[in-house]
Amino acid sequence: MKRDKSAKRDGVVNTDEPFSVLILGTDVKVESNQPWRSDVIMVATFNPNDHSMKMLSIPRDTYTEIPNSNGVKTKINAAPVYGQKANAGAVTNSAIAVEELLNIPIDYYVKVNFTGFMEVVDALGGIEVNVPFTFTTRLFNQYKTYEEGPAHLNGEEALGYVRMRKQDPRGDAGRNDRQREVLQSLMNQALSITSITKVDDIMQSVGNNITHNFKMNQIMDLQKIYRESKDDSESIKMEGYDDKNNPEGVWYHYISDEERLRVSNLLRKHLELPLETLDGQPYDPEQAPTDETEENTEGQPEPTNPEQSPDGSGIPDSNTP
């Protein structure tokens with residue numbers, strides 16, 4: 001992270017006060033594969049004061065303005081590419097994109113690629129999930145069938161489970177639910193770690209396949225914070241819709257300003273921050289307009305893509321293994 005703190009914070013936030021974590025799952029197998037996009041974008045907020053946590057998945061196709069792109073609007077998962085091109089940092093640009101989308105600070109991050117994800121799952125002894133329906137998917141040129149019901153998955157099986165999207169009748173929404181399920185299962189497994197030596201062994205084994213900006217003692221604090229918060233956890237769902245009514249015919253996920261504001265202030269309240277409008281002005285829900293307004297589905301924003309790829313980066317948005 002090419003910064004000491006979020007621009008939306010007055011100072012550095014520690015893990016003994018309400019804080020946020022950006023979780024990025026990249027679409028590459030190893031760290032040397034560059035550039036990368038965000039295959040998974042999740043925000044977790046923790047409040048050690050009331051022992052609670054909230055989790056939000058942001059669809060990777062979410063249409064938004066990308067920082068450090070001269071005003072390009074495209075899928076939020078392209079933020080790392082533009083961050084690298086502008087020498088602003090891939091992770092930092094991703095954090096800023098989320099901050100601007102939701103008007104919340106991002107304090108910490110964890111970035112993991114395919115290999116790191118599989119290694120962590122295996123290091124923790126696998127994960128328990130409840131497969132919502134039977135499906136078959138391809139991963140690394142092999143097919144794997146997941147039977148409906150409870151299942152124990154190893155690292156490779158877990159990766160296939162969280163990446164499948166096309167066969168899910170709910171598309172990205174269904175995949176986001178599976179991603180949150182797997183993350184919570186991983187955190188439950190991590191509760192069994194009783195020594196900082198074991199944590200260090202795991203981090204050494206995954207090497208550069210996982211990066212983060214936590215200090216080692218904070219990682220052990222996270223275990224305690226999650227243990228105290230897991231019984232008061234909430235998964236926030238941000239409503240939106242998919243559409244390809246744009247010159248390139250590219251599928252984007254659109255989220256209204258009203259929905260962004262709703263989710264923003266849910267998270268700001270959890271972080272014990274004052275409620276604000278999306279542009280940072282004081283916000284009083286009781287003084288907000290109460291008349292229902294119809295959502296304008298006409299004249300959807302057109303992507304400003306100067307190059308051939310959907311996000312203008314010149315890199316095809318296709319990294320399925």
# chains A, B, ... in the order shown; residues from 1 in each chain; ligands from 1

call {"tool": "select_by_dssp", "arguments": {"residues": "region 114-266 of chain A", "states": "strand (DSSP E or B)", "output": "MDAnalysis selection string"}}
result
chainID A and resid 127:131 135:139 142:146 149:153 210:212 233:236 241:243 252:254

call {"tool": "closest_atom_pairs", "arguments": {"of": "region 78-101 of chain A", "to": "region 108-115 of chain A", "cutoff": "12 Å", "atoms": "only C-alpha atoms", "output": "tab-separated table"}}
result
residue	atom	partner	partner_atom	distance
A:Pro80	CA	A:Lys111	CA	11.5
A:Ala90	CA	A:Lys111	CA	10.5
A:Val91	CA	A:Lys111	CA	7.9
A:Thr92	CA	A:Tyr109	CA	9.3
A:Asn93	CA	A:Tyr109	CA	11.9
A:Ser94	CA	A:Tyr109	CA	10.0
A:Ala95	CA	A:Tyr109	CA	8.2
A:Ile96	CA	A:Tyr109	CA	11.8
A:Val98	CA	A:Tyr109	CA	11.8

call {"tool": "write_last_selection", "arguments": {"atoms": "C-alpha atoms", "output": "PDB file, in the first residue's frame"}}
result
ATOM      1  CA  PRO A  80      -5.196  -2.337 -10.254  1.00  0.00           C
ATOM      2  CA  ALA A  90      -2.296  -1.591  -7.884  1.00  0.00           C
ATOM      3  CA  VAL A  91      -3.474  -2.236  -4.327  1.00  0.00           C
ATOM      4  CA  THR A  92      -3.565   1.456  -3.424  1.00  0.00           C
ATOM      5  CA  ASN A  93      -5.642   2.277  -6.497  1.00  0.00           C
ATOM      6  CA  SER A  94      -8.044  -0.541  -5.649  1.00  0.00           C
ATOM      7  CA  ALA A  95      -8.430   0.823  -2.121  1.00  0.00           C
ATOM      8  CA  ILE A  96      -9.090   4.348  -3.407  1.00  0.00           C
ATOM      9  CA  VAL A  98     -13.591   1.347  -3.078  1.00  0.00           C
TER      10      VAL A  98
END

call {"tool": "atom_distance", "arguments": {"atom1": "CA of Phe19 (chain A)", "atom2": "CA of Asp107 (chain A)"}}
result
6.2 Å

call {"tool": "residues_around", "arguments": {"residues": "Val131 (chain A)", "least_positions_apart": "3", "cutoff": "8 Å", "atoms": "only C-alpha atoms", "output": "list in words"}}
result
Thr134, Tyr146, Glu147, Glu148, Gly149, Pro150 and Ala151 of chain A

call {"tool": "closest_atom_pairs", "arguments": {"of": "region 6-90 of chain A", "to": "region 170-186 of chain A", "cutoff": "12 Å", "atoms": "only C-alpha atoms", "output": "Markdown table"}}
result
| residue | atom | partner | partner_atom | distance |
| --- | --- | --- | --- | --- |
| A:Ile23 | CA | A:Leu183 | CA | 9.8 |
| A:Leu24 | CA | A:Gln179 | CA | 11.4 |
| A:Gly25 | CA | A:Gln179 | CA | 10.1 |
| A:Asp39 | CA | A:Asn176 | CA | 10.6 |
| A:Val40 | CA | A:Gln179 | CA | 8.0 |
| A:Ile41 | CA | A:Asn176 | CA | 9.2 |
| A:Met42 | CA | A:Arg180 | CA | 8.4 |
| A:Val43 | CA | A:Arg180 | CA | 10.3 |
| A:Ala44 | CA | A:Arg180 | CA | 10.1 |
| A:Met53 | CA | A:Gln184 | CA | 11.3 |
| A:Lys54 | CA | A:Arg180 | CA | 10.8 |
| A:Met55 | CA | A:Arg180 | CA | 7.6 |
| A:Leu56 | CA | A:Arg180 | CA | 8.3 |
| A:Ser57 | CA | A:Asn176 | CA | 6.0 |
| A:Ile58 | CA | A:Asn176 | CA | 8.0 |
| A:Pro59 | CA | A:Asp172 | CA | 6.5 |
| A:Arg60 | CA | A:Asp172 | CA | 8.4 |
| A:Asp61 | CA | A:Asp172 | CA | 8.9 |
| A:Thr62 | CA | A:Asp172 | CA | 10.6 |

call {"tool": "atom_distance", "arguments": {"atom1": "CA of Arg260 (chain A)", "atom2": "CA of Leu102 (chain A)"}}
result
5.9 Å

call {"tool": "residues_around", "arguments": {"residues": "Glu17 (chain A)", "least_positions_apart": "2", "cutoff": "9 Å", "atoms": "only C-alpha atoms", "output": "ChimeraX atom specification"}}
result
/A:13-15,19,46-49,271

call {"tool": "atom_distance", "arguments": {"atom1": "CA of Arg163 (chain A)", "atom2": "CA of Glu248 (chain A)"}}
result
25.1 Å

call {"tool": "closest_residue", "arguments": {"among": "A:Leu139, A:Val21, A:Val263, A:Ile255", "to": "Thr45 (chain A)", "atoms": "only C-alpha atoms"}}
result
A:Val21
